[in-house]
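*Asks:* What follows is start_26.cif, mmCIF, C-alpha atoms (C1' of nucleotides).
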data_target
#
loop_
_atom_site.group_PDB
_atom_site.id
_atom_site.type_symbol
_atom_site.label_atom_id
_atom_site.label_comp_id
_atom_site.auth_asym_id
_atom_site.auth_seq_id
_atom_site.Cartn_x
_atom_site.Cartn_y
_atom_site.Cartn_z
ATOM 1 C CA MET A 85 102.136 109.098 107.331
ATOM 2 C CA SER A 86 99.908 107.129 104.957
ATOM 3 C CA ASN A 87 99.594 103.499 105.733
ATOM 4 C CA ALA A 88 101.362 101.141 103.399
ATOM 5 C CA LEU A 89 99.653 98.089 104.750
ATOM 6 C CA ALA A 90 96.485 97.628 102.742
ATOM 7 C CA LEU A 91 98.480 95.660 100.255
ATOM 8 C CA LEU A 92 96.330 92.731 99.484
ATOM 9 C CA THR A 93 92.626 92.243 99.166
ATOM 10 C CA PRO A 94 91.088 89.257 100.935
ATOM 11 C CA ALA A 95 91.056 87.560 97.550
ATOM 12 C CA ASP A 96 94.798 88.045 97.298
ATOM 13 C CA SER A 97 95.385 86.568 100.704
ATOM 14 C CA ALA A 98 93.301 83.566 99.819
ATOM 15 C CA ALA A 99 95.974 82.626 97.330
ATOM 16 C CA CYS A 100 98.182 81.131 100.025
ATOM 17 C CA CYS A 101 101.212 80.574 99.745
ATOM 18 C CA SER A 102 103.351 83.308 98.284
ATOM 19 C CA PRO A 103 100.949 85.524 96.319
ATOM 20 C CA LEU A 104 104.055 86.737 94.605
ATOM 21 C CA SER A 105 104.098 83.396 92.808
ATOM 22 C CA ALA A 106 100.357 83.251 92.245
ATOM 23 C CA GLN A 107 100.059 86.071 89.751
ATOM 24 C CA PRO A 108 102.170 89.026 88.693
ATOM 25 C CA LEU A 109 102.202 91.909 91.137
ATOM 26 C CA THR A 110 100.663 95.087 89.845
ATOM 27 C CA VAL A 111 102.830 98.147 89.578
ATOM 28 C CA GLU A 112 100.896 99.642 92.474
ATOM 29 C CA GLN A 113 101.382 96.618 94.713
ATOM 30 C CA ALA A 114 105.096 96.549 93.959
ATOM 31 C CA GLU A 115 105.452 100.233 94.690
ATOM 32 C CA ARG A 116 103.693 99.861 98.012
ATOM 33 C CA VAL A 117 105.650 96.873 99.278
ATOM 34 C CA ALA A 118 109.099 97.853 98.050
ATOM 35 C CA PRO A 119 109.550 100.740 100.527
ATOM 36 C CA LEU A 120 108.545 98.455 103.383
ATOM 37 C CA MET A 121 111.108 95.876 102.365
ATOM 38 C CA LYS A 122 113.699 98.544 101.747
ATOM 39 C CA ALA A 123 113.259 99.838 105.272
ATOM 40 C CA LEU A 124 113.828 96.364 106.626
ATOM 41 C CA ALA A 125 116.589 95.377 104.218
ATOM 42 C CA ASP A 126 119.464 96.337 106.460
ATOM 43 C CA PRO A 127 121.147 94.158 109.076
ATOM 44 C CA VAL A 128 120.970 96.832 111.746
ATOM 45 C CA ARG A 129 117.305 97.611 111.105
ATOM 46 C CA LEU A 130 116.423 93.921 110.949
ATOM 47 C CA ARG A 131 117.978 93.454 114.371
ATOM 48 C CA LEU A 132 116.341 96.620 115.697
ATOM 49 C CA MET A 133 112.957 95.430 114.462
ATOM 50 C CA SER A 134 113.549 92.023 115.980
ATOM 51 C CA LEU A 135 114.746 93.476 119.284
ATOM 52 C CA ILE A 136 111.662 95.659 119.462
ATOM 53 C CA ALA A 137 109.190 93.013 118.367
ATOM 54 C CA SER A 138 110.576 90.342 120.673
ATOM 55 C CA HIS A 139 110.856 92.659 123.676
ATOM 56 C CA ASP A 140 108.323 92.533 126.500
ATOM 57 C CA GLY A 141 105.056 94.025 125.354
ATOM 58 C CA GLY A 142 106.312 94.294 121.782
ATOM 59 C CA GLU A 143 108.015 97.560 122.563
ATOM 60 C CA ALA A 144 111.483 98.692 123.571
ATOM 61 C CA CYS A 145 113.079 101.856 124.863
ATOM 62 C CA VAL A 146 115.811 103.440 122.783
ATOM 63 C CA CYS A 147 117.978 103.150 125.853
ATOM 64 C CA ASP A 148 117.691 99.365 125.552
ATOM 65 C CA LEU A 149 118.574 99.431 121.873
ATOM 66 C CA ASN A 150 121.628 101.695 121.782
ATOM 67 C CA GLY A 151 123.676 99.268 123.816
ATOM 68 C CA ALA A 152 123.019 96.355 121.480
ATOM 69 C CA PHE A 153 125.096 97.847 118.667
ATOM 70 C CA GLU A 154 128.579 99.170 118.231
ATOM 71 C CA LEU A 155 127.216 102.197 116.482
ATOM 72 C CA SER A 156 126.857 105.801 117.512
ATOM 73 C CA GLN A 157 123.619 106.975 119.103
ATOM 74 C CA PRO A 158 122.756 109.217 116.124
ATOM 75 C CA THR A 159 123.117 106.256 113.791
ATOM 76 C CA ILE A 160 120.668 104.158 115.796
ATOM 77 C CA SER A 161 118.342 107.128 115.955
ATOM 78 C CA HIS A 162 118.540 107.391 112.183
ATOM 79 C CA HIS A 163 117.671 103.717 111.679
ATOM 80 C CA LEU A 164 114.724 103.986 114.045
ATOM 81 C CA LYS A 165 113.502 106.950 112.068
ATOM 82 C CA VAL A 166 113.642 104.912 108.864
ATOM 83 C CA LEU A 167 111.634 102.109 110.458
ATOM 84 C CA HIS A 168 109.161 104.652 111.785
ATOM 85 C CA LYS A 169 108.696 106.444 108.466
ATOM 86 C CA ALA A 170 108.043 103.118 106.770
ATOM 87 C CA GLY A 171 105.289 102.411 109.286
ATOM 88 C CA LEU A 172 107.039 99.404 110.762
ATOM 89 C CA VAL A 173 107.151 100.831 114.288
ATOM 90 C CA ASN A 174 105.208 103.321 116.354
ATOM 91 C CA ARG A 175 106.948 105.965 118.426
ATOM 92 C CA ASP A 176 105.829 106.783 121.955
ATOM 93 C CA LYS A 177 107.580 109.305 124.176
ATOM 94 C CA ARG A 178 107.061 108.728 127.886
ATOM 95 C CA GLY A 179 108.927 111.186 130.066
ATOM 96 C CA VAL A 180 112.543 111.230 129.058
ATOM 97 C CA TRP A 181 112.360 107.925 127.292
ATOM 98 C CA VAL A 182 111.131 107.018 123.848
ATOM 99 C CA TYR A 183 109.563 103.641 123.215
ATOM 100 C CA TYR A 184 109.247 102.048 119.827
ATOM 101 C CA ARG A 185 106.534 99.474 119.268
ATOM 102 C CA ALA A 186 106.410 96.953 116.428
ATOM 103 C CA ARG A 187 103.460 97.008 114.046
ATOM 104 C CA PRO A 188 102.856 93.335 113.211
ATOM 105 C CA GLN A 189 100.552 94.277 110.324
ATOM 106 C CA ALA A 190 103.541 95.789 108.558
ATOM 107 C CA LEU A 191 105.579 92.636 108.937
ATOM 108 C CA ALA A 192 102.582 90.622 107.830
ATOM 109 C CA ALA A 193 102.371 92.716 104.677
ATOM 110 C CA ILE A 194 105.790 91.471 103.676
ATOM 111 C CA GLY A 195 105.098 87.951 104.862
ATOM 112 C CA ALA A 196 101.915 87.952 102.818
ATOM 113 C CA LEU A 197 104.009 88.269 99.701
ATOM 114 C CA THR A 198 106.939 86.064 100.447
ATOM 115 C CA GLY A 199 105.421 83.456 102.672
ATOM 116 C CA CYS A 200 102.133 82.134 103.847
ATOM 117 C CA THR A 201 99.350 84.377 105.044
ATOM 118 C CA PRO A 202 97.564 83.205 108.176
ATOM 119 C CA ILE A 203 93.901 84.005 107.357
ATOM 120 C CA MET B 1293 127.810 81.982 95.061
ATOM 121 C CA SER B 1294 127.277 80.839 98.617
ATOM 122 C CA ASN B 1295 123.743 79.980 99.487
ATOM 123 C CA ALA B 1296 121.993 82.467 101.675
ATOM 124 C CA LEU B 1297 119.082 80.218 102.386
ATOM 125 C CA ALA B 1298 120.012 78.159 105.409
ATOM 126 C CA LEU B 1299 118.685 80.919 107.563
ATOM 127 C CA LEU B 1300 116.741 79.170 110.199
ATOM 128 C CA THR B 1301 117.169 75.900 111.971
ATOM 129 C CA PRO B 1302 114.143 73.620 112.261
ATOM 130 C CA ALA B 1303 113.826 74.901 115.814
ATOM 131 C CA ASP B 1304 113.587 78.439 114.520
ATOM 132 C CA SER B 1305 110.905 77.524 112.045
ATOM 133 C CA ALA B 1306 108.906 75.825 114.738
ATOM 134 C CA ALA B 1307 108.413 79.238 116.299
ATOM 135 C CA CYS B 1308 105.632 80.106 113.877
ATOM 136 C CA CYS B 1309 104.599 82.966 113.243
ATOM 137 C CA SER B 1310 107.148 85.669 112.633
ATOM 138 C CA PRO B 1311 110.355 84.344 114.212
ATOM 139 C CA LEU B 1312 111.482 87.926 114.039
ATOM 140 C CA SER B 1313 109.108 88.575 116.929
ATOM 141 C CA ALA B 1314 109.911 85.401 118.784
ATOM 142 C CA GLN B 1315 113.455 86.238 119.799
ATOM 143 C CA PRO B 1316 116.110 88.714 118.722
ATOM 144 C CA LEU B 1317 117.828 87.834 115.474
ATOM 145 C CA THR B 1318 121.501 87.079 115.789
ATOM 146 C CA VAL B 1319 123.951 89.276 113.969
ATOM 147 C CA GLU B 1320 124.633 86.383 111.621
ATOM 148 C CA GLN B 1321 120.985 85.806 110.822
ATOM 149 C CA ALA B 1322 120.433 89.492 110.149
ATOM 150 C CA GLU B 1323 123.453 89.656 107.875
ATOM 151 C CA ARG B 1324 122.268 86.664 105.899
ATOM 152 C CA VAL B 1325 118.684 87.836 105.359
ATOM 153 C CA ALA B 1326 119.332 91.522 104.757
ATOM 154 C CA PRO B 1327 120.972 91.025 101.332
ATOM 155 C CA LEU B 1328 118.060 88.845 100.245
ATOM 156 C CA MET B 1329 115.566 91.505 101.234
ATOM 157 C CA LYS B 1330 117.705 94.221 99.719
ATOM 158 C CA ALA B 1331 117.707 92.423 96.395
ATOM 159 C CA LEU B 1332 113.929 92.258 96.481
ATOM 160 C CA ALA B 1333 113.342 95.728 97.894
ATOM 161 C CA ASP B 1334 112.845 97.454 94.580
ATOM 162 C CA PRO B 1335 109.574 97.814 92.671
ATOM 163 C CA VAL B 1336 111.092 96.633 89.400
ATOM 164 C CA ARG B 1337 112.766 93.613 90.951
ATOM 165 C CA LEU B 1338 109.647 92.727 92.915
ATOM 166 C CA ARG B 1339 107.671 92.695 89.691
ATOM 167 C CA LEU B 1340 110.401 90.777 87.895
ATOM 168 C CA MET B 1341 110.447 88.173 90.640
ATOM 169 C CA SER B 1342 106.679 87.955 90.556
ATOM 170 C CA LEU B 1343 106.574 87.719 86.767
ATOM 171 C CA ILE B 1344 109.123 84.916 86.849
ATOM 172 C CA ALA B 1345 107.592 83.035 89.752
ATOM 173 C CA SER B 1346 104.067 83.244 88.412
ATOM 174 C CA HIS B 1347 105.025 82.330 84.862
ATOM 175 C CA ASP B 1348 104.401 78.848 83.474
ATOM 176 C CA GLY B 1349 106.824 76.405 85.020
ATOM 177 C CA GLY B 1350 108.101 79.039 87.429
ATOM 178 C CA GLU B 1351 110.469 80.363 84.808
ATOM 179 C CA ALA B 1352 110.436 83.129 82.246
ATOM 180 C CA CYS B 1353 112.530 84.157 79.275
ATOM 181 C CA VAL B 1354 114.185 87.566 79.365
ATOM 182 C CA CYS B 1355 112.379 88.262 76.121
ATOM 183 C CA ASP B 1356 109.095 87.979 78.012
ATOM 184 C CA LEU B 1357 110.299 90.322 80.746
ATOM 185 C CA ASN B 1358 111.794 93.215 78.790
ATOM 186 C CA GLY B 1359 108.443 94.166 77.335
ATOM 187 C CA ALA B 1360 106.755 94.435 80.711
ATOM 188 C CA PHE B 1361 108.717 97.545 81.706
ATOM 189 C CA GLU B 1362 109.386 100.931 80.240
ATOM 190 C CA LEU B 1363 113.039 100.539 80.958
ATOM 191 C CA SER B 1364 116.026 99.897 78.754
ATOM 192 C CA GLN B 1365 117.164 96.342 78.127
ATOM 193 C CA PRO B 1366 120.451 96.838 80.010
ATOM 194 C CA THR B 1367 118.521 98.039 83.046
ATOM 195 C CA ILE B 1368 116.370 94.909 83.119
ATOM 196 C CA SER B 1369 119.493 92.830 82.629
ATOM 197 C CA HIS B 1370 121.039 94.609 85.582
ATOM 198 C CA HIS B 1371 118.070 93.907 87.832
ATOM 199 C CA LEU B 1372 118.036 90.245 86.831
ATOM 200 C CA LYS B 1373 121.696 90.067 87.721
ATOM 201 C CA VAL B 1374 120.954 91.471 91.169
ATOM 202 C CA LEU B 1375 118.239 88.873 91.733
ATOM 203 C CA HIS B 1376 120.579 86.161 90.494
ATOM 204 C CA LYS B 1377 123.495 87.189 92.698
ATOM 205 C CA ALA B 1378 121.196 87.184 95.709
ATOM 206 C CA GLY B 1379 120.212 83.601 94.919
ATOM 207 C CA LEU B 1380 116.592 84.475 94.265
ATOM 208 C CA VAL B 1381 116.586 83.156 90.709
ATOM 209 C CA ASN B 1382 118.508 80.610 88.686
ATOM 210 C CA ARG B 1383 119.836 81.413 85.241
ATOM 211 C CA ASP B 1384 119.528 78.967 82.378
ATOM 212 C CA LYS B 1385 120.696 79.738 78.863
ATOM 213 C CA ARG B 1386 118.958 77.709 76.157
ATOM 214 C CA GLY B 1387 120.087 78.617 72.680
ATOM 215 C CA VAL B 1388 119.812 82.330 72.188
ATOM 216 C CA TRP B 1389 117.406 82.764 75.047
ATOM 217 C CA VAL B 1390 118.022 83.005 78.760
ATOM 218 C CA TYR B 1391 115.461 81.714 81.228
ATOM 219 C CA TYR B 1392 115.286 82.777 84.822
ATOM 220 C CA ARG B 1393 113.689 80.471 87.336
ATOM 221 C CA ALA B 1394 112.447 81.458 90.776
ATOM 222 C CA ARG B 1395 113.943 79.770 93.825
ATOM 223 C CA PRO B 1396 111.016 79.411 96.238
ATOM 224 C CA GLN B 1397 113.376 78.567 99.101
ATOM 225 C CA ALA B 1398 114.773 82.068 98.866
ATOM 226 C CA LEU B 1399 111.351 83.644 99.088
ATOM 227 C CA ALA B 1400 110.516 81.299 101.938
ATOM 228 C CA ALA B 1401 113.592 82.493 103.788
ATOM 229 C CA ILE B 1402 112.132 85.978 103.890
ATOM 230 C CA GLY B 1403 108.638 84.729 104.573
ATOM 231 C CA ALA B 1404 109.999 82.683 107.437
ATOM 232 C CA LEU B 1405 111.018 85.876 109.173
ATOM 233 C CA THR B 1406 108.161 88.166 108.380
ATOM 234 C CA GLY B 1407 105.256 85.788 108.162
ATOM 235 C CA CYS B 1408 104.291 82.262 108.921
ATOM 236 C CA THR B 1409 106.428 79.304 107.981
ATOM 237 C CA PRO B 1410 104.557 76.349 106.498
ATOM 238 C CA ILE B 1411 106.384 73.391 108.127
ATOM 239 C "C1'" DA C 1292 118.232 128.560 137.441
ATOM 240 C "C1'" DT C 1293 121.528 125.348 136.463
ATOM 241 C "C1'" DA C 1294 123.010 120.965 135.294
ATOM 242 C "C1'" DA C 1295 122.598 116.353 133.557
ATOM 243 C "C1'" DG C 1296 120.648 112.835 130.775
ATOM 244 C "C1'" DA C 1297 117.912 110.959 126.675
ATOM 245 C "C1'" DC C 1298 117.078 111.425 122.235
ATOM 246 C "C1'" DA C 1299 116.805 113.974 117.686
ATOM 247 C "C1'" DT C 1300 118.664 116.815 114.065
ATOM 248 C "C1'" DC C 1301 122.368 118.775 111.168
ATOM 249 C "C1'" DG C 1302 126.184 118.757 108.000
ATOM 250 C "C1'" DA C 1303 129.725 116.277 105.970
ATOM 251 C "C1'" DT C 1304 131.717 112.293 103.682
ATOM 252 C "C1'" DG C 1305 132.562 108.060 101.238
ATOM 253 C "C1'" DG C 1306 130.253 104.443 99.111
ATOM 254 C "C1'" DC C 1307 126.509 102.341 96.812
ATOM 255 C "C1'" DT C 1308 122.498 102.268 93.241
ATOM 256 C "C1'" DG C 1309 119.317 102.863 89.231
ATOM 257 C "C1'" DT C 1310 119.481 104.334 84.816
ATOM 258 C "C1'" DC C 1311 121.082 104.983 80.153
ATOM 259 C "C1'" DA C 1312 123.828 104.852 75.594
ATOM 260 C "C1'" DA C 1313 127.365 102.439 73.587
ATOM 261 C "C1'" DT C 1314 129.536 98.322 72.915
ATOM 262 C "C1'" DA C 1315 130.602 93.445 73.373
ATOM 263 C "C1'" DT C 1316 129.429 88.494 73.108
ATOM 264 C "C1'" DA C 1317 127.418 84.570 71.452
ATOM 265 C "C1'" DG C 1318 124.061 81.709 68.965
ATOM 266 C "C1'" DA C 1319 121.276 81.150 64.722
ATOM 267 C "C1'" DT C 1320 120.661 81.714 59.921
ATOM 268 C "C1'" DG C 1321 121.486 82.743 55.212
ATOM 269 C "C1'" DC D 1148 131.762 84.435 56.329
ATOM 270 C "C1'" DA D 1149 128.301 88.026 57.140
ATOM 271 C "C1'" DT D 1150 124.371 89.256 59.416
ATOM 272 C "C1'" DC D 1151 120.721 89.379 62.604
ATOM 273 C "C1'" DT D 1152 118.909 88.765 67.199
ATOM 274 C "C1'" DA D 1153 119.112 88.085 72.269
ATOM 275 C "C1'" DT D 1154 121.434 89.177 76.199
ATOM 276 C "C1'" DA D 1155 125.372 90.932 78.971
ATOM 277 C "C1'" DT D 1156 129.014 94.268 80.103
ATOM 278 C "C1'" DT D 1157 131.079 98.798 80.431
ATOM 279 C "C1'" DG D 1158 131.405 103.521 81.672
ATOM 280 C "C1'" DA D 1159 129.228 107.549 83.155
ATOM 281 C "C1'" DC D 1160 126.222 110.261 86.010
ATOM 282 C "C1'" DA D 1161 122.930 111.771 89.394
ATOM 283 C "C1'" DG D 1162 120.877 110.617 93.510
ATOM 284 C "C1'" DC D 1163 120.526 108.054 97.674
ATOM 285 C "C1'" DC D 1164 122.429 105.923 102.094
ATOM 286 C "C1'" DA D 1165 125.088 104.544 106.399
ATOM 287 C "C1'" DT D 1166 127.913 106.601 109.413
ATOM 288 C "C1'" DC D 1167 129.966 110.026 112.363
ATOM 289 C "C1'" DG D 1168 130.912 114.293 115.388
ATOM 290 C "C1'" DA D 1169 128.794 118.329 116.823
ATOM 291 C "C1'" DT D 1170 124.900 120.453 118.379
ATOM 292 C "C1'" DG D 1171 120.024 121.155 119.581
ATOM 293 C "C1'" DT D 1172 115.739 120.082 122.356
ATOM 294 C "C1'" DC D 1173 113.227 118.538 125.991
ATOM 295 C "C1'" DT D 1174 112.647 116.553 130.607
ATOM 296 C "C1'" DT D 1175 113.917 115.657 135.226
ATOM 297 C "C1'" DA D 1176 116.726 116.546 139.280
ATOM 298 C "C1'" DT D 1177 119.330 119.541 142.293
#
Just give me the structure of the file as structure tokens.
*Replies:*
Amino acid sequence: MSNALALLTPADSAACCSPLSAQPLTVEQAERVAPLMKALADPVRLRLMSLIASHDGGEACVCDLNGAFELSQPTISHHLKVLHKAGLVNRDKRGVWVYYRARPQALAAIGALTGCTPI
Amino acid sequence: MSNALALLTPADSAACCSPLSAQPLTVEQAERVAPLMKALADPVRLRLMSLIASHDGGEACVCDLNGAFELSQPTISHHLKVLHKAGLVNRDKRGVWVYYRARPQALAAIGALTGCTPI
DNA sequence: ATAAGACATCGATGGCTGTCAATATAGATG
DNA sequence: CATCTATATTGACAGCCATCGATGTCTTAT
């Protein structure tokens, strides 16, 4: 699981706001960010990510998430796997339960392109 | 072409940074942002958007864009159409040439979720 | 050991997507 | 009008994706 987060050098980030508008993205930058955005570009996964990130401690149990959707348990499991493979969430099994924790750096990597980078 | 940009109320934006982590997205919010992100979640379209946004005057002629990729002209045309339908760029035909112009509000709508909202 | 619960994986299916070659459209120019 | 150039549309194809039911795995409880 290589990390897709080292997207921008400090110099890039200095070009606040929207580096995407500051200068053309390199092929490499585009190919690193696109999978992140793709993983998040789904209503269910956006809500999952938001539910996890806004939950107490920045993490949520799958048992909390399944009930929030009118989708089968395997489908939710699939979406969580996509988020996990993209590096947007960490997975932590504790006893019978599995907790997913948001990785703010991953979100920031997208925000760094489309919005304003804090620092 | 309904506008997909009125994503967050001023109250939402006040919750800087990463509203996605502040409270769970509503179904409606998620369904409005996801198509925007989906349109941008492709390496070619990310570069197209960046080329357009960073070009002089925030707009670029298709003739400038075709040469930047090793893809057929119809394929670039297709990707521009996707960006246009998502509301990420405006289309302006002037004579024989077509200019695409970035809509910063659209980018900001994504940045507002994943990063920090300026104002 | 057996059963029950939490979550993941598998296999299938219908729909969407990126790409191209071929063709169409429309404006400019001779 | 005929032609050239810039861009879009069409049709086809291979590959990916969201979803489900069925099943597997692992952990705890009885």
*Asks:* Kindly determine which residues of chain B lie within 12 Å of chain C, considering all atoms listed in the file, and give the answer as a list in words.
*Replies:*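 In the required form, that comes to Lys1330, Ala1331, Asp1334, Pro1335, Val1336, Arg1337, Glu1362, Leu1363, Ser1364, Gln1365, Pro1366, Thr1367, Ile1368, Ser1369, His1370, His1371, Val1374, Lys1385, Arg1386, Gly1387, Val1388, Trp1389 and Val1390 of chain B.
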*Asks:* Produce a table with one row for each residue of chain D that has an atom at most 9 Å from any atom of chain A, each row naming the nearest atom pair and its distance in Å at one decimal; use all atoms listed in the file; arrange rows by chain and rising residue number; format as CSV.
*Replies:*
residue,atom,partner,partner_atom,distance
D:DA1165,C1',A:Thr159,CA,7.8
D:DT1166,C1',A:Thr159,CA,6.5
D:DC1167,C1',A:Ser156,CA,7.4
D:DC1173,C1',A:Val180,CA,8.0
D:DT1174,C1',A:Val180,CA,5.5
D:DT1175,C1',A:Val180,CA,7.7
*Asks:* Evaluated on this file, the PyMOL selection byres ((chain B) within 10 of (chain A)) picks out some residues - which ones are they, written as a ChimeraX atom specification?
*Replies:* /B:1309-1347,1350,1361,1394,1396-1410
*Asks:* Provide the CA of His1376 (chain B) to C1' of DT1157 (chain D) distance in Å, to one decimal place.
*Replies:*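 Distance between the two atoms: 19.3 Å.
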*Asks:* So how far away is CA of Lys1373 (chain B) from CA of Val1354 (chain B), in Å?
*Replies:* 11.5 Å
*Asks:* Take CA of Gly141 (chain A) and CA of Arg185 (chain A) and report the distance between them in Å, one decimal.
*Replies:* 8.3 Å
